[in-house]
Structures are given as structure tokens and as C-alpha cells.
$ cat data-v3.cif   # mmCIF, C-alpha atoms
data_run
loop_
_atom_site.label_atom_id
_atom_site.label_comp_id
_atom_site.auth_asym_id
_atom_site.auth_seq_id
_atom_site.Cartn_x
_atom_site.Cartn_y
_atom_site.Cartn_z
CA MET E 1 26.97 12.63 0.72
CA ASN E 2 27.73 12.36 4.37
CA HIS E 3 25.08 10.16 5.88
CA ARG E 4 24.45 6.51 6.58
CA SER E 5 23.28 4.43 3.66
CA MET E 6 19.61 3.50 3.88
CA ALA E 7 17.76 0.52 2.42
CA ILE E 8 14.07 1.20 1.82
CA THR E 9 11.69 -1.52 0.67
CA VAL E 10 8.67 -0.36 -1.31
CA THR E 11 5.83 -2.82 -0.88
CA SER E 12 2.05 -3.11 -0.91
CA GLY E 13 0.68 -6.63 -0.68
CA LYS E 14 -1.78 -6.12 -3.52
CA GLY E 15 -0.42 -5.93 -7.06
CA GLY E 16 -0.99 -3.10 -9.50
CA VAL E 17 -1.07 -0.28 -6.97
CA GLY E 18 2.00 1.49 -8.40
CA LYS E 19 5.00 0.10 -6.51
CA SER E 20 7.40 0.03 -9.46
CA THR E 21 6.18 3.43 -10.68
CA THR E 22 6.90 4.76 -7.19
CA VAL E 23 10.35 3.17 -6.99
CA ALA E 24 11.38 4.46 -10.43
CA SER E 25 10.23 8.01 -9.71
CA LEU E 26 11.61 8.18 -6.17
CA GLY E 27 14.94 6.79 -7.39
CA LEU E 28 15.20 9.53 -10.00
CA GLY E 29 13.97 12.11 -7.50
CA LEU E 30 16.70 11.24 -5.01
CA ALA E 31 19.32 11.14 -7.79
CA GLN E 32 18.19 14.61 -8.90
CA LEU E 33 18.86 15.77 -5.35
CA GLY E 34 22.44 14.56 -5.76
CA TYR E 35 22.27 11.26 -3.87
CA LYS E 36 23.77 8.02 -5.12
CA VAL E 37 20.84 5.66 -5.53
CA CYS E 38 20.54 1.98 -6.42
CA LEU E 39 17.19 0.45 -7.33
CA VAL E 40 16.94 -3.30 -6.69
CA ASP E 41 14.22 -5.16 -8.57
CA THR E 42 13.35 -8.26 -6.52
CA ASP E 43 10.39 -9.30 -8.66
CA ILE E 44 12.27 -12.26 -10.12
CA GLY E 45 10.49 -13.64 -13.19
CA LEU E 46 8.33 -10.52 -13.62
CA ARG E 47 10.77 -7.61 -13.67
CA LYS E 48 9.48 -4.12 -14.51
CA LEU E 49 11.90 -1.48 -13.27
CA ASP E 50 14.11 -1.82 -16.35
CA LEU E 51 11.13 -0.88 -18.54
CA MET E 52 10.06 1.97 -16.26
CA LEU E 53 13.54 3.47 -16.55
CA GLY E 54 14.08 2.72 -20.26
CA LEU E 55 17.05 0.45 -19.47
CA GLU E 56 15.69 -2.86 -20.75
CA ASN E 57 18.17 -3.11 -23.65
CA ARG E 58 21.22 -2.60 -21.47
CA ILE E 59 20.89 -5.52 -19.07
CA VAL E 60 23.73 -8.04 -19.23
CA TYR E 61 23.71 -9.58 -15.73
CA ASP E 62 21.03 -9.68 -13.05
CA LEU E 63 20.46 -10.25 -9.32
CA VAL E 64 20.50 -14.05 -9.60
CA ASP E 65 23.79 -13.90 -11.55
CA VAL E 66 25.31 -11.87 -8.69
CA ILE E 67 24.07 -14.31 -6.06
CA GLU E 68 25.31 -17.31 -8.02
CA GLY E 69 28.71 -15.69 -8.52
CA VAL E 70 28.40 -15.56 -12.31
CA CYS E 71 29.47 -11.89 -12.22
CA GLN E 72 30.70 -9.18 -9.87
CA LEU E 73 28.04 -6.93 -8.31
CA ARG E 74 29.37 -3.84 -10.16
CA GLN E 75 29.08 -5.67 -13.50
CA SER E 76 25.36 -6.19 -12.98
CA LEU E 77 24.56 -2.55 -12.23
CA VAL E 78 23.00 -0.59 -15.10
CA ARG E 79 23.58 3.15 -14.89
CA HIS E 80 20.85 5.58 -15.98
CA LYS E 81 21.70 7.47 -19.16
CA GLU E 82 20.87 10.98 -17.92
CA PHE E 83 21.44 10.45 -14.21
CA PRO E 84 24.57 8.33 -13.68
CA GLU E 85 24.08 8.66 -9.91
CA LEU E 86 21.18 6.25 -10.38
CA ALA E 87 21.85 2.53 -10.92
CA LEU E 88 19.58 -0.45 -11.38
CA LEU E 89 20.21 -3.98 -10.18
CA PRO E 90 17.74 -5.83 -12.41
CA ALA E 91 15.81 -8.96 -11.51
CA ALA E 92 16.25 -12.12 -13.56
CA GLN E 93 13.39 -12.55 -16.00
CA THR E 94 13.67 -16.29 -16.62
CA ARG E 95 14.25 -17.56 -13.09
CA TYR E 96 12.10 -18.03 -9.98
CA LYS E 97 11.80 -16.14 -6.70
CA GLU E 98 12.62 -19.27 -4.71
CA GLU E 99 16.15 -19.21 -6.11
CA VAL E 100 17.04 -16.29 -3.82
CA SER E 101 16.97 -16.36 -0.01
CA PRO E 102 16.51 -13.43 2.42
CA ASP E 103 20.11 -13.84 3.64
CA GLN E 104 21.50 -13.73 0.09
CA LEU E 105 19.60 -10.55 -0.73
CA THR E 106 20.69 -8.98 2.56
CA ALA E 107 24.32 -9.73 1.68
CA VAL E 108 23.92 -8.07 -1.75
CA VAL E 109 22.29 -4.99 -0.21
CA ASP E 110 25.00 -4.76 2.44
CA GLU E 111 27.56 -4.67 -0.37
CA LEU E 112 25.57 -1.91 -2.12
CA ARG E 113 25.53 0.16 1.09
CA LYS E 114 29.27 0.79 0.62
CA GLU E 115 28.64 2.82 -2.54
CA PHE E 116 25.08 4.13 -2.41
CA ASP E 117 23.25 6.59 -0.15
CA TYR E 118 19.86 5.05 -0.84
CA ILE E 119 18.95 1.53 -1.90
CA LEU E 120 15.32 1.28 -2.98
CA ILE E 121 14.05 -2.29 -3.10
CA ASP E 122 11.05 -2.97 -5.32
CA SER E 123 9.08 -5.78 -3.70
CA PRO E 124 6.95 -8.21 -5.69
CA ALA E 125 3.21 -8.32 -4.97
CA GLY E 126 2.00 -10.86 -2.43
CA ILE E 127 3.33 -11.94 0.95
CA GLU E 128 5.23 -15.06 -0.05
CA GLY E 129 8.95 -15.73 -0.54
CA GLY E 130 9.65 -12.79 -2.85
CA PHE E 131 8.14 -10.36 -0.34
CA ARG E 132 10.12 -11.94 2.50
CA ASN E 133 13.32 -11.54 0.49
CA ALA E 134 12.53 -7.89 -0.21
CA ILE E 135 11.91 -6.91 3.41
CA ALA E 136 14.90 -8.80 4.88
CA PRO E 137 17.51 -6.03 4.26
CA ALA E 138 15.12 -3.09 4.92
CA ASP E 139 15.93 -0.30 7.35
CA ARG E 140 12.53 1.14 6.63
CA ALA E 141 9.54 0.46 4.36
CA ILE E 142 7.22 2.49 2.19
CA LEU E 143 3.75 1.07 1.80
CA VAL E 144 2.01 2.06 -1.44
CA VAL E 145 -1.76 1.96 -1.08
CA ASN E 146 -4.66 2.79 -3.39
CA PRO E 147 -7.69 4.32 -1.65
CA GLU E 148 -9.85 1.24 -2.06
CA ILE E 149 -10.80 -1.49 0.40
CA PRO E 150 -8.90 -4.48 -1.13
CA SER E 151 -5.66 -2.49 -1.22
CA VAL E 152 -6.05 -1.17 2.34
CA ARG E 153 -6.88 -4.61 3.71
CA ASP E 154 -3.80 -6.14 2.08
CA SER E 155 -1.67 -3.28 3.35
CA ASP E 156 -2.94 -3.80 6.86
CA ARG E 157 -1.76 -7.40 6.65
CA VAL E 158 1.62 -6.29 5.28
CA ILE E 159 2.08 -3.85 8.19
CA GLY E 160 1.67 -6.77 10.58
CA LEU E 161 4.26 -8.81 8.67
CA LEU E 162 6.71 -5.89 8.53
CA GLU E 163 6.41 -5.34 12.26
CA ALA E 164 6.92 -9.05 12.89
CA ALA E 165 10.07 -8.84 10.75
CA ASN E 166 11.26 -5.96 12.95
CA VAL E 167 10.81 -3.27 10.30
CA LYS E 168 9.47 -0.56 12.58
CA HIS E 169 9.76 2.51 10.36
CA ILE E 170 6.87 2.23 7.91
CA ASP E 171 5.58 5.16 5.86
CA LEU E 172 2.45 5.43 3.78
CA VAL E 173 2.11 6.64 0.19
CA VAL E 174 -1.48 6.88 -0.99
CA ASN E 175 -1.41 6.54 -4.77
CA ARG E 176 -4.01 7.13 -7.50
CA VAL E 177 -6.16 9.50 -5.47
CA GLN E 178 -9.06 11.11 -7.32
CA PRO E 179 -10.19 14.17 -5.33
CA GLY E 180 -13.50 14.41 -7.20
CA MET E 181 -14.44 10.84 -6.26
CA VAL E 182 -13.42 11.46 -2.65
CA ARG E 183 -15.57 14.60 -2.60
CA ASP E 184 -18.54 12.64 -3.95
CA GLY E 185 -18.04 9.91 -1.34
CA ASP E 186 -17.13 7.29 -3.95
CA MET E 187 -13.50 6.90 -2.82
CA LEU E 188 -11.93 6.60 0.63
CA SER E 189 -10.21 9.79 1.69
CA VAL E 190 -6.48 9.87 2.41
CA GLU E 191 -7.28 10.81 6.01
CA ARG E 192 -9.48 7.73 6.49
CA VAL E 193 -6.90 5.41 4.91
CA GLN E 194 -4.20 6.80 7.15
CA SER E 195 -6.42 6.65 10.21
CA HIS E 196 -7.23 2.97 9.61
CA LEU E 197 -3.62 1.95 8.93
CA ALA E 198 -2.20 4.20 11.66
CA ILE E 199 1.20 4.82 10.05
CA SER E 200 2.81 8.11 9.09
CA LEU E 201 1.87 9.68 5.77
CA LEU E 202 4.81 10.26 3.45
CA GLY E 203 2.94 11.35 0.35
CA VAL E 204 -0.25 11.55 -1.66
CA VAL E 205 -0.11 10.96 -5.42
CA PRO E 206 -3.07 11.86 -7.63
CA GLU E 207 -4.35 9.65 -10.43
CA ASP E 208 -2.57 10.84 -13.57
CA LYS E 209 -2.93 9.60 -17.16
CA ARG E 210 0.65 10.70 -17.80
CA ILE E 211 1.85 7.74 -15.71
CA ILE E 212 0.65 5.31 -18.39
CA ARG E 213 2.56 7.24 -21.01
CA SER E 214 5.66 7.36 -18.82
CA SER E 215 5.74 3.60 -18.24
CA ASN E 216 5.36 3.04 -21.99
CA THR E 217 8.12 5.47 -22.91
CA GLY E 218 10.50 4.47 -20.12
CA GLU E 219 10.66 8.00 -18.71
CA PRO E 220 9.44 8.09 -15.11
CA VAL E 221 6.65 10.57 -14.51
CA ILE E 222 8.84 12.59 -12.15
CA LEU E 223 10.64 13.89 -15.26
CA ASP E 224 7.35 15.26 -16.64
CA ALA E 225 7.18 18.87 -15.49
CA LYS E 226 3.45 19.08 -16.27
CA SER E 227 2.49 16.06 -14.21
CA MET E 228 0.88 16.49 -10.77
CA ALA E 229 1.89 12.91 -9.94
CA GLY E 230 5.47 13.77 -10.93
CA LYS E 231 5.40 16.77 -8.59
CA ALA E 232 4.01 14.59 -5.80
CA PHE E 233 6.81 12.02 -6.27
CA SER E 234 9.39 14.79 -6.30
CA ASN E 235 8.04 16.03 -2.95
CA ILE E 236 8.14 12.51 -1.50
CA ALA E 237 11.79 12.14 -2.54
CA ARG E 238 12.59 15.38 -0.76
CA ARG E 239 10.75 14.20 2.37
CA ILE E 240 12.76 10.94 2.33
CA ALA E 241 15.90 13.08 2.22
CA GLY E 242 14.69 14.87 5.35
CA GLU E 243 13.20 18.06 3.90
CA ASP E 244 9.98 19.43 5.34
CA VAL E 245 7.78 19.73 2.25
CA PRO E 246 4.07 20.62 2.46
CA PHE E 247 1.55 18.28 0.84
CA LEU E 248 0.21 19.20 -2.59
CA GLU E 249 -3.23 20.73 -2.93
CA LEU E 250 -4.88 18.13 -5.17
CA GLU E 251 -8.25 19.83 -5.61
CA GLU E 252 -8.49 21.99 -8.71
CA THR E 253 -9.13 25.49 -7.51
CA ASN E 254 -9.42 27.45 -10.75
CA LEU E 255 -12.40 29.73 -11.31
CA ILE E 256 -14.18 27.46 -13.81
CA THR E 257 -14.04 24.47 -11.42
CA LYS E 258 -15.36 26.62 -8.58
CA ILE E 259 -18.29 27.83 -10.74
CA LYS E 260 -19.02 24.27 -11.91
CA ARG E 261 -18.99 23.07 -8.29
CA LEU E 262 -21.32 25.91 -7.34
CA PHE E 263 -23.84 24.56 -9.85
CA SER E 264 -23.06 20.94 -8.87
CA ILE E 265 -21.72 19.99 -12.30
CA ALA E 266 -18.13 19.29 -11.24
CA MET I 1 -41.02 -18.38 -13.49
CA SER I 2 -41.74 -18.97 -9.80
CA ILE I 3 -42.89 -16.16 -7.54
CA VAL I 4 -39.63 -16.35 -5.56
CA ALA I 5 -37.54 -16.04 -8.72
CA PHE I 6 -39.71 -13.12 -9.82
CA LEU I 7 -39.21 -11.35 -6.48
CA ASN I 8 -35.46 -12.02 -6.62
CA MET I 9 -35.33 -9.98 -9.82
CA PHE I 10 -36.18 -6.96 -7.68
CA GLY I 11 -33.57 -7.77 -5.09
CA ARG I 12 -36.06 -8.77 -2.41
CA ASP I 13 -34.05 -11.81 -1.44
CA LYS I 14 -30.62 -10.22 -1.51
CA ASP I 15 -28.36 -10.07 1.55
CA GLU I 16 -28.23 -6.74 3.30
CA PRO I 17 -24.90 -4.92 2.84
CA THR I 18 -22.51 -5.42 5.76
CA ALA I 19 -22.04 -1.67 6.08
CA VAL I 20 -23.50 1.43 4.47
CA THR I 21 -20.41 3.54 3.77
CA ALA I 22 -17.03 2.45 2.39
CA ASP I 23 -15.41 3.66 5.60
CA ASP I 24 -17.69 1.52 7.78
CA ARG I 25 -17.08 -1.47 5.53
CA LEU I 26 -13.33 -0.99 5.71
CA SER I 27 -13.53 -0.72 9.49
CA LEU I 28 -15.46 -4.01 9.61
CA VAL I 29 -13.13 -5.76 7.16
CA LEU I 30 -10.01 -4.69 9.07
CA SER I 31 -11.42 -5.65 12.45
CA PHE I 32 -12.34 -9.11 11.12
CA GLN I 33 -8.81 -9.52 9.75
CA ARG I 34 -6.94 -8.17 12.75
CA SER I 35 -8.90 -10.09 15.38
CA ASP I 36 -9.43 -13.26 13.41
CA ILE I 37 -13.17 -12.80 13.91
CA ASP I 38 -15.76 -14.42 11.67
CA GLU I 39 -19.53 -14.62 11.62
CA LYS I 40 -19.50 -17.90 13.56
CA LYS I 41 -17.41 -16.40 16.36
CA ILE I 42 -19.70 -13.37 16.55
CA LYS I 43 -22.76 -15.63 16.80
CA MET I 44 -21.15 -17.58 19.65
CA PHE I 45 -20.19 -14.32 21.33
CA ARG I 46 -23.79 -13.10 21.06
CA THR I 47 -25.13 -16.33 22.59
CA ARG I 48 -22.72 -16.06 25.51
CA LEU I 49 -23.72 -12.44 26.13
CA ILE I 50 -27.37 -13.44 26.33
CA GLU I 51 -26.47 -16.18 28.81
CA LEU I 52 -24.43 -13.68 30.83
CA CYS I 53 -27.38 -11.26 30.96
CA ASP I 54 -29.59 -14.06 32.25
CA GLU I 55 -27.00 -14.86 34.91
CA PHE I 56 -26.96 -11.23 36.09
CA GLY I 57 -30.74 -11.04 36.32
CA TYR I 58 -31.65 -9.41 33.02
CA ASP I 59 -34.05 -10.45 30.28
CA VAL I 60 -32.88 -9.67 26.75
CA VAL I 61 -35.84 -7.94 25.14
CA GLY I 62 -34.60 -7.18 21.64
CA HIS I 63 -32.00 -7.93 18.98
CA VAL I 64 -28.45 -8.28 20.31
CA GLU I 65 -25.88 -6.65 18.02
CA VAL I 66 -22.17 -7.40 18.19
CA ILE I 67 -20.16 -5.21 15.83
CA PRO I 68 -16.36 -5.20 15.70
CA GLN I 69 -14.83 -1.87 14.66
CA ALA I 70 -11.26 -1.03 13.75
CA LYS I 71 -9.85 2.07 15.41
CA GLU I 72 -6.26 2.75 14.42
CA ARG I 73 -4.57 -0.62 15.12
CA THR I 74 -7.05 -1.75 17.76
CA THR I 75 -10.33 -3.61 17.39
CA ILE I 76 -13.26 -2.46 19.48
CA ILE I 77 -16.11 -4.91 19.91
CA ASN I 78 -19.33 -2.94 20.33
CA ALA I 79 -22.24 -4.86 21.81
CA SER I 80 -25.76 -3.48 21.95
CA ILE I 81 -28.00 -5.54 24.29
CA PRO I 82 -31.50 -4.28 25.04
CA VAL I 83 -32.37 -5.65 28.50
CA ARG I 84 -34.97 -5.37 31.24
CA LEU I 85 -34.72 -6.50 34.87
CA LYS I 86 -36.25 -9.92 35.32
CA GLU I 87 -39.72 -9.91 36.83
CA PRO I 88 -39.65 -11.47 40.30
CA ILE I 89 -41.45 -14.82 40.18
#
$ encode --input "data-v3.cif" --output "C-alpha cells"
Amino acid sequence: MNHRSMAITVTSGKGGVGKSTTVASLGLGLAQLGYKVCLVDTDIGLRKLDLMLGLENRIVYDLVDVIEGVCQLRQSLVRHKEFPELALLPAAQTRYKEEVSPDQLTAVVDELRKEFDYILIDSPAGIEGGFRNAIAPADRAILVVNPEIPSVRDSDRVIGLLEAANVKHIDLVVNRVQPGMVRDGDMLSVERVQSHLAISLLGVVPEDKRIIRSSNTGEPVILDAKSMAGKAFSNIARRIAGEDVPFLELEETNLITKIKRLFSIA
Amino acid sequence: MSIVAFLNMFGRDKDEPTAVTADDRLSLVLSFQRSDIDEKKIKMFRTRLIELCDEFGYDVVGHVEVIPQAKERTTIINASIPVRLKEPI
């Protein structure tokens, strides 16, 4: 690949909106496109990416070991079984976020830039030390938001903190969208969320039961050909890589749905 | 059971919602957060507006509403002040 390495922090403020799901799928999506990708789990003490990728049994060293000089950086990287272009730098599970500083994480990411095209940093929830570590090395940020008021309010706060930290390129991914609820006025629309946050829209991911299965099996949903969420993540990965990909049509448009809607039963 | 408690069962004593739609509520929530506005500040703002009207020769003849709204990354403070010119004494 002949382009500058890019570090992207995936963050949200609020927990449980789908950050790690997004990082795992986008990492695989970019690796499928042929890029060398490293995922960095910065949620020290509460790591998840290893489970999302099915790599939990292969971890020997972690991020804190690298920072403390217990091992070389390359020794800590866990390669994906099917996609060796994808590597994971796992977080320590039995340590604390305070044991890593923004400068130390930046130094690790700078080292990763020499080998990888994309470095995706999975930020912990919240806006404390772990979040500050995660945004320190970022060239750009992806904000994962659910279309509900608590998530949007937290994201609005995070945008302010990112801008204060000089991260100017911030993109929005609206996750867990339910078109039926939006249509009935029970959920904020993607357009309204984007209008309130006033940042560019990178992708829209529908609510999908297959995501629960994927996080339990350790196979990111992007590998599930039948999943709409997987398709949406695949499109987002292509947009990150610079492709112009149209947004998915999330509304079901088959004949039965149209008839049901006509009689107000869908 | 007291009469008040009985009426409360039917929601007679409940606070009014801050906004009707989710979008309006989000707009209000974001404007409060972005501008560090709270109910106390809005009350003080309202009092000062009434004083200002008096200074400019107007009587306030109805309820003064001060509603912050978020538009993109800016907060717009909308004030609705029903006034009438002061009667000459």
C-alpha cells in the first residue's frame, strides 16, 4: 500500500453503543480490502476486541507489557487466523488505565505506523484517562452514536473534547438504527442526529440480531454475508479507504412490507 | 388517602415535559450542555429582560419565555416577550 499510515480512534462517550463491534468489523473490512491493519484495544482492565475477533486464547503479551518493556511490540501482536493482514494489540485485563499515559500510547502507535496502513484505536467508554490516552495519537476520530438522547448528548461532549485535543477530522457512525421506529417517530432519525452534532456522516448501521451472535462466536458481523449491519460496516470500511460508496437503503421495500404499511400494520 | 395523593395518581401534579418531541428535547438538552445554561440562569435572564423592557418604555403583559435551542454547533436563545407601550401617566 502506498499511502501514509493513519491512526483512527473510535470513540463514543457513552458505553454500550457498539464501539468494539465497529472496530472489529472495520478492521476486518480494511484487511479484506488488502490494507495492513492493527487494532489497538485501549480499554485496559475491560478488554473486548480479543473476544470480538476470536483471538482470546492466543494472547501472550499486551499493551502494558509493551510499554513496560517486558516484550517487543511485534511479540505482543496477535495475527488474525484468516486475515493475517489484521493484527491485534490487546489491552491488559488485570491492570488499570492509569498505568498508561497519552505520550506512551502515542509512542506505541508511532511505532505501529511503520508497518501498518491503518491503526484503529478502540477507546474505552467515558471521558477520563483511558479516553484521553486513546485520542492522543489520533489523526482522525470516528464517533459511534446510537439514535437516542443520552448517546447524542455524550457524543456532543466528546466532540468538544476531541476538538480541544486538536483532532479536527471527526466522522459520525450512527449505529443500531431501527427504520420502523424512526418512521413511527419513536427514534431520532439519522438526519436529525447528524444535524445536531454537525459532523460528517460516515455510515449508518441498522440494528441487527446477528451482531449478538457474532460477538459470542468471535466472528465479526462483517463476515456474515446475510447481515445488513455487516454490509453497512463493509461500506464504511470502503469509505475510510477513500471509495465513494452510496448509503444503504435500510427500509424494507418488499411487496409484503409495502402492503402491510398500506394497511398500517407494519 | 388524601385528596392530593388521589389526584397525583392521575398525574395531575406531575411536571410538564420539557419538550414534546424527542428532537425538541435533544435540542434543549444540547443547548443546556453547550452553553452551560441551567434553569436558574434562564430565570435570571428572564428577570433582566423584563427590567430591560421597563427601561425601554414597555409593559410586559404576558408570560415571558426564554428557550435555548441548539442549531448545529450554535445555541440560539429564543425569547418571547409580550409587551405593550406604557400608558403615559
$ closest_atom_pairs --input "data-v3.cif" --of "chain E" --to "chain I" --cutoff "7 Å" --atoms "all atoms listed in the file" --output "CSV"
residue,atom,partner,partner_atom,distance
E:Ile149,CA,I:Leu26,CA,5.9
E:Arg153,CA,I:Leu30,CA,6.2
E:Leu188,CA,I:Asp23,CA,6.7
E:Ser195,CA,I:Glu72,CA,5.7
E:His196,CA,I:Glu72,CA,4.9
E:Leu197,CA,I:Glu72,CA,6.1
E:Ala198,CA,I:Glu72,CA,5.1
$ write_last_selection --input "data-v3.cif" --atoms "C-alpha atoms" --output "PDB file, in the coordinates of the input"
ATOM      1  CA  ILE E 149     -10.800  -1.490   0.400  1.00  0.00           C
ATOM      2  CA  ARG E 153      -6.880  -4.610   3.710  1.00  0.00           C
ATOM      3  CA  LEU E 188     -11.930   6.600   0.630  1.00  0.00           C
ATOM      4  CA  SER E 195      -6.420   6.650  10.210  1.00  0.00           C
ATOM      5  CA  HIS E 196      -7.230   2.970   9.610  1.00  0.00           C
ATOM      6  CA  LEU E 197      -3.620   1.950   8.930  1.00  0.00           C
ATOM      7  CA  ALA E 198      -2.200   4.200  11.660  1.00  0.00           C
TER       8      ALA E 198
END
$ residues_near_point --input "data-v3.cif" --point "(-1.1, 10.1, -12.1)" --cutoff "8 Å" --atoms "all atoms listed in the file" --output "VMD selection string"
chain E and resid 176 205 to 211 227 to 230
$ residues_around --input "data-v3.cif" --residues "Val64 in chain I" --least-positions-apart "6" --cutoff "7 Å" --atoms "only C-alpha atoms" --output "NGL selection string"
:I and (46 or 80-82)
$ atom_distance --input "data-v3.cif" --atom1 "CA of Ser12 in chain E" --atom2 "CA of Arg95 in chain E"
22.5 Å
$ closest_residue --input "data-v3.cif" --among "I:Asp24, I:Asp54, I:Glu65, I:Asp59" --to "Ile42 in chain I" --atoms "all atoms listed in the file"
I:Glu65
$ atom_distance --input "data-v3.cif" --atom1 "CA of Glu115 in chain E" --atom2 "CA of Ser5 in chain E"
8.4 Å
$ closest_residue --input "data-v3.cif" --among "E:Asp41, E:Glu243, E:Glu82, E:Glu163" --to "Asp62 in chain E" --atoms "all atoms listed in the file"
E:Asp41
$ atom_distance --input "data-v3.cif" --atom1 "CA of Leu39 in chain E" --atom2 "CA of Ile121 in chain E"
5.9 Å
$ residues_around --input "data-v3.cif" --residues "Phe131 in chain E" --least-positions-apart "6" --cutoff "10 Å" --atoms "only C-alpha atoms" --output "list in words"
Thr9, Thr11, Ser12, Gly13, Thr42, Asp43, Lys97, Pro102, Asp122, Ser123, Pro124, Ala125, Val158 and Leu161 of chain E
$ residues_around --input "data-v3.cif" --residues "range 25-35 of chain E" --least-positions-apart "3" --cutoff "7 Å" --atoms "all atoms listed in the file" --output "list in words"
Met1, Thr21, Thr22, Leu39, Phe83, Glu85, Leu86, Asp117, Pro220, Val221, Ile222, Phe233, Ser234 and Ala237 of chain E
$ closest_residue --input "data-v3.cif" --among "E:Asp184, E:Glu249, E:Asp224, E:Asp154" --to "Val204 in chain E" --atoms "all atoms listed in the file"
E:Glu249
$ resolve_selection --input "data-v3.cif" --expression "the PyMOL selection byres ((chain E and resi 100) around 9)" --output "PDB file with C-alpha atoms, keeping the file's coordinate frame"
ATOM      1  CA  ILE E  44      12.270 -12.260 -10.120  1.00  0.00           C
ATOM      2  CA  LEU E  63      20.460 -10.250  -9.320  1.00  0.00           C
ATOM      3  CA  VAL E  64      20.500 -14.050  -9.600  1.00  0.00           C
ATOM      4  CA  ILE E  67      24.070 -14.310  -6.060  1.00  0.00           C
ATOM      5  CA  TYR E  96      12.100 -18.030  -9.980  1.00  0.00           C
ATOM      6  CA  LYS E  97      11.800 -16.140  -6.700  1.00  0.00           C
ATOM      7  CA  GLU E  98      12.620 -19.270  -4.710  1.00  0.00           C
ATOM      8  CA  GLU E  99      16.150 -19.210  -6.110  1.00  0.00           C
ATOM      9  CA  SER E 101      16.970 -16.360  -0.010  1.00  0.00           C
ATOM     10  CA  PRO E 102      16.510 -13.430   2.420  1.00  0.00           C
ATOM     11  CA  ASP E 103      20.110 -13.840   3.640  1.00  0.00           C
ATOM     12  CA  GLN E 104      21.500 -13.730   0.090  1.00  0.00           C
ATOM     13  CA  LEU E 105      19.600 -10.550  -0.730  1.00  0.00           C
ATOM     14  CA  GLY E 129       8.950 -15.730  -0.540  1.00  0.00           C
ATOM     15  CA  GLY E 130       9.650 -12.790  -2.850  1.00  0.00           C
ATOM     16  CA  ASN E 133      13.320 -11.540   0.490  1.00  0.00           C
TER      17      ASN E 133
END
$ closest_residue --input "data-v3.cif" --among "I:Thr75, I:Val66, I:Val83, I:Tyr58" --to "Lys41 in chain I" --atoms "all atoms listed in the file"
I:Val66
$ residues_around --input "data-v3.cif" --residues "range 68-78 of chain E" --least-positions-apart "6" --cutoff "10 Å" --atoms "all atoms listed in the file" --output "JSON, numbers by chain"
{"E": [38, 39, 40, 50, 55, 56, 58, 59, 60, 61, 62, 84, 86, 87, 88, 89, 90, 99, 100, 104, 108, 111, 112]}
$ closest_residue --input "data-v3.cif" --among "E:Leu162, E:Val190, E:Ile8, E:Leu46" --to "Ala92 in chain E" --atoms "all atoms listed in the file"
E:Leu46
$ resolve_selection --input "data-v3.cif" --expression "the PyMOL selection byres ((chain E and resi 199) around 12)" --output "number ranges by chain"
E: 141-145, 155-156, 159-160, 163, 168-174, 190-198, 200-203; I: 72-73
$ decode --input "data-v3.cif" --residues "range 32-65 of chain I" --atoms "C-alpha atoms" --output "compact mmCIF listing (two decimals), in the first residue's frame"
# COMPACT_ATOMS: atom_id res chain seq x y z
CA PHE I 32 -28.09 23.48 28.02
CA GLN I 33 -24.87 21.46 27.80
CA ARG I 34 -23.11 23.60 25.22
CA SER I 35 -23.92 26.95 26.81
CA ASP I 36 -23.68 25.88 30.42
CA ILE I 37 -27.25 27.12 30.89
CA ASP I 38 -29.48 25.92 33.71
CA GLU I 39 -32.95 26.77 34.95
CA LYS I 40 -31.57 29.32 37.43
CA LYS I 41 -29.68 31.17 34.71
CA ILE I 42 -32.77 31.22 32.49
CA LYS I 43 -34.85 32.64 35.35
CA MET I 44 -32.29 35.41 35.92
CA PHE I 45 -32.19 36.08 32.19
CA ARG I 46 -36.00 36.38 32.14
CA THR I 47 -35.97 38.83 35.06
CA ARG I 48 -33.36 41.00 33.35
CA LEU I 49 -35.38 41.04 30.12
CA ILE I 50 -38.44 42.28 31.99
CA GLU I 51 -36.33 45.01 33.59
CA LEU I 52 -34.93 45.93 30.18
CA CYS I 53 -38.46 46.22 28.72
CA ASP I 54 -39.42 48.55 31.56
CA GLU I 55 -36.34 50.65 30.85
CA PHE I 56 -37.29 50.98 27.18
CA GLY I 57 -40.85 52.02 27.98
CA TYR I 58 -42.73 48.74 27.63
CA ASP I 59 -45.05 46.91 30.00
CA VAL I 60 -44.74 43.13 29.93
CA VAL I 61 -48.31 41.89 29.59
CA GLY I 62 -47.93 38.12 29.50
CA HIS I 63 -45.65 35.17 30.20
CA VAL I 64 -42.02 35.70 29.19
CA GLU I 65 -40.50 32.60 27.60
